[in-house]
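The next block holds one structure in the form of structure tokens; read it before the comments.
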Amino acid sequence: MGSACVPETAGRLKRLIGQEIDSIATRLIEVSDDIHAHPEIRFEEYYASKLLADELEEHGFMVERGNGGLPTAFKAERRFGSEGPTIAILGEYDALPGLGHGCGHNIMGTAALGAGVGLARVLAREAEKAGISGRLIVFGTPAEEGGGGKVYMVRAGCFEGVDAAMIIHPGNANRINSRSIASQRLIIRFHGRPAHAAATPHEGVNALDAMILTYNGINALRQHVKPDVRIHGVIMKGGDAPNTIPDLTEAMFTIRAATSEYRNVIMEKVKNCARGAALQTGATVDLELYGLPFDPMKSNSVLEDAFRTNVNLLGLEEDRAPREGLGSTDMGTVSQAVPSIHPSIAIGPKGLIGHTQAFCDASRSPDGHKGLVAGAKCMAMTALDLFMCPEVLEKAWAEFRAG
Ligand SMILES: [Zn+2]
Ligand SMILES: [Zn+2]
């Protein structure tokens, strides 16, 4: 073996990685903006998935299109040497219904592409000399927004044999520690009986009343839940005409909590709000879980430290202020399967908030492009550290196993 874990070698290879990623930056930005211009919602990301997979294939990755039973997922792999660890870099590329890339996932998919290609180009020349052996995988992971693509992939065993997984998310600061809470979506559907709203209302069963009572019941429930709980929803179908008693209504709610166990407790209480409303109105209720549950993020501090070193190396400023609110991500479920990190890379100023038009605009702005390139470099350099220093991975696994 060569010179694994030698700081001088690592420094030299990181400079090369930086140069490689800079040399493809124009193309990465093109790809990111192209995905931004073709927003596709969960499970429909055919354009983005093909674009990213094609690029990886062109750069010598062995690409398997469709992964974990998801047609818009992919796995792109390169091997260096015959043994060593498997490091996975993940990218998302789904858009939000009605808001395009308001969560900036175009940057995530493309940062994974840039990290994979940048690192692979350096390792193809240098791995043997530097005594590096291992397998690099870039996973295309669809349907983060409400679909849980990664949950399907974990359940299908896609991450078996993976030693560490990383992904970056665009944000309003460089935040290395990421927390996220457990979540699950629920569809509530009431069936009533239609009737003329003026002539024969006594013949009707009002599915809209049942829905409003459910909504208010959930609002009353809020006083009696732990502070980490979030329950939020929309009524997607509320009736057709004011002079007909609505006989079908439908809503979608998201239920979140710090732990999967407590989320399940709250889920049952929310269902009971709907069951109670059904009893009150005489409507019948269907309760259907939508998508798969997301587990909370178990961010690995050993991997975070490795990532932090590279954030510092690139001269990026880390924001260590505690976060006000927490979202959920299907990366949480990956992090319960293998040591993982999910840092944020800044693409705009402090006040920039996800799931807004402003965030959508930032995701194709000059700052967005800068974040994309920086995110790609941080991931590629961190993956290099993991290939070079087996003891970092050992420590990461020790922490992971300890809970
Ligand atoms: Zn989002
Ligand atoms: Zn997102």
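Letters for chains follow the order of the structure tokens (A, B, ...), residue numbers begin at 1 for each chain, and ligand numbers begin at 1 in the order shown.
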Review point. So which bits of region 88-284 of chain A end up strand (DSSP E or B) when you DSSP the backbone, as a PyMOL selection string?
Key: chain A and resi 88-91+95-96+100+134-140+164-166+169-171+174-175+182-191+193+196+205+230-237+244+248-257+284
Residues of chain A at most 8 Å from ligand 2: nearest atom pair and distance in Å, only C-alpha atoms and all ligand atoms, as a Markdown table:
| residue | atom | partner | partner_atom_place_in_ligand_line | distance |
| --- | --- | --- | --- | --- |
| A:Cys103 | CA | ligand 2 | 1 (Zn) | 4.6 |
| A:Gly104 | CA | ligand 2 | 1 (Zn) | 6.5 |
| A:His105 | CA | ligand 2 | 1 (Zn) | 6.0 |
| A:Glu144 | CA | ligand 2 | 1 (Zn) | 7.0 |
| A:Glu145 | CA | ligand 2 | 1 (Zn) | 6.9 |
| A:His169 | CA | ligand 2 | 1 (Zn) | 6.5 |
| A:Pro170 | CA | ligand 2 | 1 (Zn) | 7.7 |
| A:Thr329 | CA | ligand 2 | 1 (Zn) | 7.5 |
| A:Gly354 | CA | ligand 2 | 1 (Zn) | 7.6 |
Exercise for review: Please identify the residues whose atoms come within 12 Å of ligand 1, using only C-alpha atoms and all ligand atoms, and report them as an MDAnalysis selection string.
Suggested key: chainID A and resid 41:42 92:97 99:106 108 143:148 169:171 180 326:331 353:356 359:360
Go ahead and save the residues from that selection, with N, CA and C atoms, as a short mmCIF file (atom, residue, chain, number, x, y, z; two decimals), in the first residue's frame.
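Heads up, here's the output in selection-v5.cif:
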data_model
loop_
_atom_site.label_atom_id
_atom_site.label_comp_id
_atom_site.auth_asym_id
_atom_site.auth_seq_id
_atom_site.Cartn_x
_atom_site.Cartn_y
_atom_site.Cartn_z
N ILE A 41 -41.96 16.92 -10.41
CA ILE A 41 -42.28 16.58 -9.01
C ILE A 41 -41.98 15.11 -8.73
N ARG A 42 -42.13 14.75 -7.46
CA ARG A 42 -41.76 13.42 -6.95
C ARG A 42 -42.15 12.27 -7.88
N GLU A 92 -30.37 14.87 -4.90
CA GLU A 92 -31.81 14.93 -5.15
C GLU A 92 -32.04 15.82 -6.37
N TYR A 93 -33.24 15.72 -6.96
CA TYR A 93 -33.54 16.56 -8.13
C TYR A 93 -35.04 16.75 -8.33
N ASP A 94 -35.84 16.46 -7.31
CA ASP A 94 -37.28 16.67 -7.48
C ASP A 94 -37.66 18.11 -7.13
N ALA A 95 -38.73 18.56 -7.76
CA ALA A 95 -39.23 19.92 -7.56
C ALA A 95 -40.49 19.88 -6.70
N LEU A 96 -40.97 21.06 -6.35
CA LEU A 96 -42.17 21.17 -5.52
C LEU A 96 -43.39 21.42 -6.42
N PRO A 97 -44.51 20.81 -6.11
CA PRO A 97 -45.71 21.09 -6.92
C PRO A 97 -46.01 22.58 -6.88
N LEU A 99 -44.26 25.14 -7.38
CA LEU A 99 -43.21 26.10 -7.00
C LEU A 99 -41.88 25.78 -7.68
N GLY A 100 -41.85 24.87 -8.60
CA GLY A 100 -40.59 24.55 -9.27
C GLY A 100 -39.53 24.17 -8.26
N HIS A 101 -38.29 24.64 -8.51
CA HIS A 101 -37.19 24.25 -7.63
C HIS A 101 -37.06 25.20 -6.43
N GLY A 102 -38.17 25.34 -5.71
CA GLY A 102 -38.21 26.19 -4.51
C GLY A 102 -37.45 25.60 -3.33
N CYS A 103 -36.92 24.37 -3.49
CA CYS A 103 -36.08 23.80 -2.44
C CYS A 103 -34.66 23.60 -2.96
N GLY A 104 -34.42 23.99 -4.20
CA GLY A 104 -33.05 23.97 -4.74
C GLY A 104 -32.47 22.59 -4.98
N HIS A 105 -33.31 21.59 -5.22
CA HIS A 105 -32.78 20.24 -5.40
C HIS A 105 -32.00 20.09 -6.71
N ASN A 106 -32.20 21.03 -7.65
CA ASN A 106 -31.37 21.03 -8.86
C ASN A 106 -29.89 21.15 -8.48
N MET A 108 -28.61 20.14 -5.59
CA MET A 108 -28.19 18.92 -4.89
C MET A 108 -27.75 17.83 -5.87
N ALA A 143 -37.73 12.03 -5.38
CA ALA A 143 -38.93 12.13 -4.53
C ALA A 143 -38.63 12.37 -3.06
N GLU A 144 -37.80 13.37 -2.78
CA GLU A 144 -37.59 13.72 -1.36
C GLU A 144 -38.81 14.46 -0.82
N GLU A 145 -39.40 15.30 -1.67
CA GLU A 145 -40.51 16.14 -1.21
C GLU A 145 -41.80 15.32 -1.11
N GLY A 146 -41.97 14.69 0.03
CA GLY A 146 -43.23 13.99 0.29
C GLY A 146 -43.30 12.56 -0.22
N GLY A 147 -42.34 12.13 -1.01
CA GLY A 147 -42.43 10.77 -1.56
C GLY A 147 -41.59 9.76 -0.81
N GLY A 148 -40.46 10.22 -0.27
CA GLY A 148 -39.60 9.31 0.48
C GLY A 148 -38.82 8.35 -0.39
N HIS A 169 -27.46 20.16 1.14
CA HIS A 169 -28.70 20.85 0.80
C HIS A 169 -28.41 22.35 0.70
N PRO A 170 -28.92 23.04 -0.31
CA PRO A 170 -28.73 24.49 -0.34
C PRO A 170 -29.50 25.15 0.81
N GLY A 171 -28.95 26.26 1.31
CA GLY A 171 -29.58 26.95 2.42
C GLY A 171 -29.13 28.39 2.49
N SER A 180 -33.04 16.75 11.74
CA SER A 180 -34.35 16.79 11.09
C SER A 180 -35.26 15.90 11.92
N LEU A 326 -37.15 23.02 12.50
CA LEU A 326 -36.57 21.86 11.84
C LEU A 326 -37.54 21.29 10.83
N GLY A 327 -37.02 20.85 9.73
CA GLY A 327 -37.83 20.16 8.76
C GLY A 327 -37.58 18.67 8.85
N SER A 328 -38.01 17.97 7.83
CA SER A 328 -37.79 16.52 7.78
C SER A 328 -37.20 16.19 6.42
N THR A 329 -36.45 15.12 6.38
CA THR A 329 -35.90 14.67 5.11
C THR A 329 -35.79 13.15 5.12
N ASP A 330 -35.93 12.57 3.93
CA ASP A 330 -35.77 11.11 3.85
C ASP A 330 -34.31 10.69 4.04
N MET A 331 -33.39 11.68 4.06
CA MET A 331 -31.99 11.36 4.39
C MET A 331 -31.94 10.86 5.84
N ILE A 353 -35.58 31.81 2.78
CA ILE A 353 -36.33 30.70 3.36
C ILE A 353 -36.70 29.70 2.26
N GLY A 354 -36.56 28.43 2.58
CA GLY A 354 -36.89 27.37 1.63
C GLY A 354 -38.38 27.35 1.30
N HIS A 355 -38.70 26.74 0.16
CA HIS A 355 -40.09 26.59 -0.30
C HIS A 355 -40.74 27.94 -0.57
N THR A 356 -39.96 28.88 -1.11
CA THR A 356 -40.50 30.17 -1.52
C THR A 356 -40.00 30.48 -2.93
N PHE A 359 -36.36 31.50 -2.87
CA PHE A 359 -35.41 30.37 -2.82
C PHE A 359 -35.28 29.74 -4.20
N CYS A 360 -36.40 29.67 -4.90
CA CYS A 360 -36.39 29.14 -6.28
C CYS A 360 -35.46 30.00 -7.14
#
Review point. Which polymer residues have any atom within 9 Å of an atom of Ala48 (chain A), counting only C-alpha atoms, with same-chain residues fewer than 5 positions away left out, as a list in words?
Key: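 In the requested form, the answer reads Val31, Asp34, Ile35, His38, Pro39, Glu40, Ala53, Thr72, Tyr93, Asp94, Asn106 and Gly109 of chain A.
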Based on the selection just made, write C-alpha atoms of those residues as a PDB file, in the first residue's frame.
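Dumped to selection21.pdb:
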ATOM      1  CA  VAL A  31     -26.883  21.098 -15.902  1.00  0.00           C
ATOM      2  CA  ASP A  34     -31.351  22.963 -17.049  1.00  0.00           C
ATOM      3  CA  ILE A  35     -32.908  20.898 -14.248  1.00  0.00           C
ATOM      4  CA  HIS A  38     -37.516  21.547 -16.196  1.00  0.00           C
ATOM      5  CA  PRO A  39     -39.047  21.100 -12.737  1.00  0.00           C
ATOM      6  CA  GLU A  40     -40.445  17.616 -12.159  1.00  0.00           C
ATOM      7  CA  ALA A  53     -26.960   9.694 -15.221  1.00  0.00           C
ATOM      8  CA  THR A  72     -36.101   7.811 -11.622  1.00  0.00           C
ATOM      9  CA  TYR A  93     -33.543  16.558  -8.131  1.00  0.00           C
ATOM     10  CA  ASP A  94     -37.281  16.668  -7.476  1.00  0.00           C
ATOM     11  CA  ASN A 106     -31.371  21.028  -8.856  1.00  0.00           C
ATOM     12  CA  GLY A 109     -28.261  16.577  -7.859  1.00  0.00           C
TER      13      GLY A 109
END
Do you know which residues are at most 7 Å from region 4-15 of chain A counting only C-alpha atoms, after dropping those on the same chain fewer than 2 positions away, and could you put them as a PDB file with N, CA and C atoms, in the first residue's frame?
ATOM      1  N   GLY A   2       0.342   2.337  -0.418  1.00  0.00           N
ATOM      2  CA  GLY A   2       1.080   3.596  -0.532  1.00  0.00           C
ATOM      3  C   GLY A   2       0.965   4.446   0.718  1.00  0.00           C
ATOM      4  N   ILE A  17      -8.537  18.061  -6.816  1.00  0.00           N
ATOM      5  CA  ILE A  17     -10.006  17.945  -6.860  1.00  0.00           C
ATOM      6  C   ILE A  17     -10.619  19.326  -7.123  1.00  0.00           C
ATOM      7  N   GLY A  18     -10.110  20.331  -6.404  1.00  0.00           N
ATOM      8  CA  GLY A  18     -10.603  21.699  -6.598  1.00  0.00           C
ATOM      9  C   GLY A  18     -10.442  22.131  -8.054  1.00  0.00           C
ATOM     10  N   GLN A  19      -9.286  21.819  -8.624  1.00  0.00           N
ATOM     11  CA  GLN A  19      -9.023  22.207 -10.024  1.00  0.00           C
ATOM     12  C   GLN A  19      -9.955  21.456 -10.987  1.00  0.00           C
ATOM     13  N   ALA A 130      -1.214   6.792  -4.511  1.00  0.00           N
ATOM     14  CA  ALA A 130      -1.487   7.234  -3.141  1.00  0.00           C
ATOM     15  C   ALA A 130      -1.946   6.087  -2.249  1.00  0.00           C
ATOM     16  N   GLY A 131      -2.016   4.885  -2.786  1.00  0.00           N
ATOM     17  CA  GLY A 131      -2.432   3.737  -1.982  1.00  0.00           C
ATOM     18  C   GLY A 131      -3.910   3.772  -1.624  1.00  0.00           C
ATOM     19  N   ILE A 132      -4.713   4.350  -2.506  1.00  0.00           N
ATOM     20  CA  ILE A 132      -6.150   4.451  -2.233  1.00  0.00           C
ATOM     21  C   ILE A 132      -6.883   3.365  -3.001  1.00  0.00           C
ATOM     22  N   MET A 381     -13.929  16.222  -1.380  1.00  0.00           N
ATOM     23  CA  MET A 381     -12.760  16.219  -0.489  1.00  0.00           C
ATOM     24  C   MET A 381     -13.027  15.370   0.748  1.00  0.00           C
ATOM     25  N   MET A 388      -8.943   7.736   2.244  1.00  0.00           N
ATOM     26  CA  MET A 388      -7.531   7.728   2.663  1.00  0.00           C
ATOM     27  C   MET A 388      -7.334   7.295   4.110  1.00  0.00           C
ATOM     28  N   CYS A 389      -8.311   7.594   4.972  1.00  0.00           N
ATOM     29  CA  CYS A 389      -8.115   7.376   6.412  1.00  0.00           C
ATOM     30  C   CYS A 389      -9.140   6.405   6.967  1.00  0.00           C
TER      31      CYS A 389
END
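For the choices A:Thr309, A:Ser365, A:Gln280, A:Thr382, the atom-to-atom distance to Ala88 (chain A) is smallest for A:Thr382 when using only C-alpha atoms.
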**Study point:** Polymer residues at most 7 Å from region 64-71 of chain A, only C-alpha atoms, same-chain spacing of 5 or more positions, as JSON, numbers by chain
**Key:** {"A": [76, 152, 153, 156, 158]}
Exercise for review: Tell me, as JSON, numbers by chain, which residues lie within 12 Å of Met267 (chain A), counting only C-alpha atoms; anything in the same chain fewer than 4 positions away does not count.
Suggested key: {"A": [182, 183, 184, 185, 186, 187, 188, 218, 221, 225, 229, 230, 231, 232, 253, 254, 255, 256, 257, 260, 261, 262, 263, 271, 272, 273, 274, 287, 288, 289, 293]}
Those same residues, written as an mmCIF file, in the first residue's frame with C-alpha atoms?
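Written out: again-v3.cif:
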data_model
loop_
_atom_site.group_PDB
_atom_site.id
_atom_site.type_symbol
_atom_site.label_atom_id
_atom_site.label_comp_id
_atom_site.auth_asym_id
_atom_site.auth_seq_id
_atom_site.Cartn_x
_atom_site.Cartn_y
_atom_site.Cartn_z
ATOM 1 C CA ALA A 182 -39.600 12.360 11.832
ATOM 2 C CA SER A 183 -42.541 12.842 9.514
ATOM 3 C CA GLN A 184 -45.374 11.037 7.766
ATOM 4 C CA ARG A 185 -48.151 12.241 5.486
ATOM 5 C CA LEU A 186 -51.787 11.303 5.893
ATOM 6 C CA ILE A 187 -54.676 11.609 3.458
ATOM 7 C CA ILE A 188 -58.076 12.135 5.067
ATOM 8 C CA ILE A 218 -56.417 19.115 15.070
ATOM 9 C CA LEU A 221 -54.955 19.017 19.719
ATOM 10 C CA VAL A 225 -48.511 17.943 22.173
ATOM 11 C CA VAL A 229 -44.552 18.468 16.982
ATOM 12 C CA ARG A 230 -45.679 20.015 13.703
ATOM 13 C CA ILE A 231 -49.048 19.229 12.148
ATOM 14 C CA HIS A 232 -49.976 21.009 8.957
ATOM 15 C CA PHE A 253 -51.700 16.465 6.411
ATOM 16 C CA THR A 254 -48.082 16.078 7.462
ATOM 17 C CA ILE A 255 -47.436 14.950 11.028
ATOM 18 C CA ARG A 256 -43.943 15.518 12.429
ATOM 19 C CA ALA A 257 -42.171 14.958 15.744
ATOM 20 C CA SER A 260 -40.607 8.303 14.999
ATOM 21 C CA GLU A 261 -42.305 6.829 18.086
ATOM 22 C CA TYR A 262 -43.875 10.128 19.142
ATOM 23 C CA ARG A 263 -44.872 10.913 15.558
ATOM 24 C CA LYS A 271 -56.754 10.049 13.016
ATOM 25 C CA ASN A 272 -59.028 10.175 16.028
ATOM 26 C CA CYS A 273 -59.920 13.799 15.205
ATOM 27 C CA ALA A 274 -61.140 12.558 11.818
ATOM 28 C CA LEU A 287 -57.491 7.328 6.403
ATOM 29 C CA GLU A 288 -54.588 6.560 4.138
ATOM 30 C CA LEU A 289 -50.880 7.021 4.840
ATOM 31 C CA PRO A 293 -42.393 7.609 6.967
#
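Each of A:Gly204, A:Gly134, A:Pro227, A:Pro142 was checked against Pro246 (chain A) using only C-alpha atoms; the smallest atom-to-atom distance is that of A:Gly204.
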**Study point:** Top pick for closest residue to Glu44 (chain A), considering A:Ala210, A:Val265, A:Thr141, A:Ile21 and counting only C-alpha atoms
**Key:**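 Between A:Ala210, A:Val265, A:Thr141, A:Ile21, the residue approaching Glu44 (chain A) most closely is A:Thr141.
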Point to revise | Separation of CA of Ile137 (chain A) from CA of Ile89 (chain A) in Å | key: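 Atom-to-atom, CA of Ile89 (chain A) and CA of Ile137 (chain A) are spaced 6.2 Å apart.
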Check your understanding: as a VMD selection string, which residues of region 1-150 of chain A does DSSP assign to helix (DSSP H, G or I)?
Key -> chain A and resid 7 to 23 25 to 37 46 to 58 105 to 130 149 to 150
Restrict the selected residues to C-alpha atoms and save them as a PDB file, in the first residue's frame.
ATOM      1  CA  PRO A   7      -1.610  14.952   5.129  1.00  0.00           C
ATOM      2  CA  GLU A   8       0.692  16.178   2.335  1.00  0.00           C
ATOM      3  CA  THR A   9      -0.785  13.680  -0.114  1.00  0.00           C
ATOM      4  CA  ALA A  10      -4.325  14.568   0.972  1.00  0.00           C
ATOM      5  CA  GLY A  11      -3.577  18.281   0.548  1.00  0.00           C
ATOM      6  CA  ARG A  12      -2.184  17.749  -2.926  1.00  0.00           C
ATOM      7  CA  LEU A  13      -5.104  15.572  -4.024  1.00  0.00           C
ATOM      8  CA  LYS A  14      -7.586  18.107  -2.637  1.00  0.00           C
ATOM      9  CA  ARG A  15      -5.955  20.847  -4.689  1.00  0.00           C
ATOM     10  CA  LEU A  16      -6.365  18.614  -7.743  1.00  0.00           C
ATOM     11  CA  ILE A  17     -10.006  17.945  -6.860  1.00  0.00           C
ATOM     12  CA  GLY A  18     -10.603  21.699  -6.598  1.00  0.00           C
ATOM     13  CA  GLN A  19      -9.023  22.207 -10.024  1.00  0.00           C
ATOM     14  CA  GLU A  20     -11.013  19.379 -11.616  1.00  0.00           C
ATOM     15  CA  ILE A  21     -14.313  20.696 -10.272  1.00  0.00           C
ATOM     16  CA  ASP A  22     -13.450  24.234 -11.366  1.00  0.00           C
ATOM     17  CA  SER A  23     -12.672  22.890 -14.832  1.00  0.00           C
ATOM     18  CA  ALA A  25     -17.993  24.206 -13.262  1.00  0.00           C
ATOM     19  CA  THR A  26     -19.459  25.758 -16.419  1.00  0.00           C
ATOM     20  CA  ARG A  27     -21.019  22.439 -17.395  1.00  0.00           C
ATOM     21  CA  LEU A  28     -22.263  21.791 -13.822  1.00  0.00           C
ATOM     22  CA  ILE A  29     -23.994  25.173 -13.794  1.00  0.00           C
ATOM     23  CA  GLU A  30     -25.554  24.428 -17.180  1.00  0.00           C
ATOM     24  CA  VAL A  31     -26.883  21.098 -15.902  1.00  0.00           C
ATOM     25  CA  SER A  32     -28.194  22.662 -12.683  1.00  0.00           C
ATOM     26  CA  ASP A  33     -29.982  25.467 -14.545  1.00  0.00           C
ATOM     27  CA  ASP A  34     -31.351  22.963 -17.049  1.00  0.00           C
ATOM     28  CA  ILE A  35     -32.908  20.898 -14.248  1.00  0.00           C
ATOM     29  CA  HIS A  36     -34.195  24.144 -12.718  1.00  0.00           C
ATOM     30  CA  ALA A  37     -35.859  25.004 -16.027  1.00  0.00           C
ATOM     31  CA  TYR A  46     -37.239  11.495 -15.786  1.00  0.00           C
ATOM     32  CA  TYR A  47     -35.528  14.481 -17.395  1.00  0.00           C
ATOM     33  CA  ALA A  48     -33.246  15.301 -14.446  1.00  0.00           C
ATOM     34  CA  SER A  49     -32.426  11.686 -13.680  1.00  0.00           C
ATOM     35  CA  LYS A  50     -31.423  10.967 -17.286  1.00  0.00           C
ATOM     36  CA  LEU A  51     -29.399  14.156 -17.577  1.00  0.00           C
ATOM     37  CA  LEU A  52     -27.352  13.405 -14.439  1.00  0.00           C
ATOM     38  CA  ALA A  53     -26.960   9.694 -15.221  1.00  0.00           C
ATOM     39  CA  ASP A  54     -25.818  10.478 -18.790  1.00  0.00           C
ATOM     40  CA  GLU A  55     -23.164  12.896 -17.497  1.00  0.00           C
ATOM     41  CA  LEU A  56     -21.847  10.324 -15.016  1.00  0.00           C
ATOM     42  CA  GLU A  57     -21.745   7.646 -17.694  1.00  0.00           C
ATOM     43  CA  GLU A  58     -19.792   9.967 -19.983  1.00  0.00           C
ATOM     44  CA  HIS A 105     -32.778  20.240  -5.403  1.00  0.00           C
ATOM     45  CA  ASN A 106     -31.371  21.028  -8.856  1.00  0.00           C
ATOM     46  CA  ILE A 107     -28.238  22.121  -6.965  1.00  0.00           C
ATOM     47  CA  MET A 108     -28.188  18.920  -4.893  1.00  0.00           C
ATOM     48  CA  GLY A 109     -28.261  16.577  -7.859  1.00  0.00           C
ATOM     49  CA  THR A 110     -25.651  18.580  -9.690  1.00  0.00           C
ATOM     50  CA  ALA A 111     -23.369  18.948  -6.649  1.00  0.00           C
ATOM     51  CA  ALA A 112     -23.376  15.149  -6.355  1.00  0.00           C
ATOM     52  CA  LEU A 113     -22.492  14.899 -10.050  1.00  0.00           C
ATOM     53  CA  GLY A 114     -19.674  17.434  -9.632  1.00  0.00           C
ATOM     54  CA  ALA A 115     -18.317  15.738  -6.524  1.00  0.00           C
ATOM     55  CA  GLY A 116     -18.403  12.316  -8.159  1.00  0.00           C
ATOM     56  CA  VAL A 117     -16.770  13.395 -11.406  1.00  0.00           C
ATOM     57  CA  GLY A 118     -14.191  15.669  -9.730  1.00  0.00           C
ATOM     58  CA  LEU A 119     -13.078  12.984  -7.307  1.00  0.00           C
ATOM     59  CA  ALA A 120     -13.146  10.192  -9.893  1.00  0.00           C
ATOM     60  CA  ARG A 121     -10.947  12.159 -12.316  1.00  0.00           C
ATOM     61  CA  VAL A 122      -8.327  12.639  -9.620  1.00  0.00           C
ATOM     62  CA  LEU A 123      -8.496   9.088  -8.305  1.00  0.00           C
ATOM     63  CA  ALA A 124      -8.279   7.609 -11.804  1.00  0.00           C
ATOM     64  CA  ARG A 125      -4.794   9.127 -12.067  1.00  0.00           C
ATOM     65  CA  GLU A 126      -3.640   9.117  -8.462  1.00  0.00           C
ATOM     66  CA  ALA A 127      -5.333   6.321  -6.496  1.00  0.00           C
ATOM     67  CA  GLU A 128      -2.692   3.684  -7.077  1.00  0.00           C
ATOM     68  CA  LYS A 129       0.218   6.004  -6.307  1.00  0.00           C
ATOM     69  CA  ALA A 130      -1.487   7.234  -3.141  1.00  0.00           C
ATOM     70  CA  GLY A 149     -37.508   7.999  -2.400  1.00  0.00           C
ATOM     71  CA  LYS A 150     -34.609   7.222  -0.077  1.00  0.00           C
TER      72      LYS A 150
END
Point to revise | Proximity to Gly98 (chain A) - best of A:Met297, A:Asn206, A:Leu303, A:Gln357, only C-alpha atoms | key: A:Gln357
Exercise for review: Compare A:Ala241, A:Val392, A:Leu316, A:Leu208 by their minimum atom-to-atom distance to Cys378 (chain A), counting only C-alpha atoms, and give me the closest one.
Suggested key: A:Leu316
Exercise for review: Return the single residue from A:Val373, A:Ile87, A:Val234, A:Ala362 that is closest to Asp385 (chain A), with distances computed using only C-alpha atoms.
Suggested key: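 Closest to Asp385 (chain A), using only C-alpha atoms: A:Ile87.
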**Study point:** Shell of 9 Å around Lys237 (chain A), only C-alpha atoms, local chain residues under 4 positions omitted, as a list in words
**Key:** Leu208, Leu248, Thr249, Glu250 and Ala251 of chain A
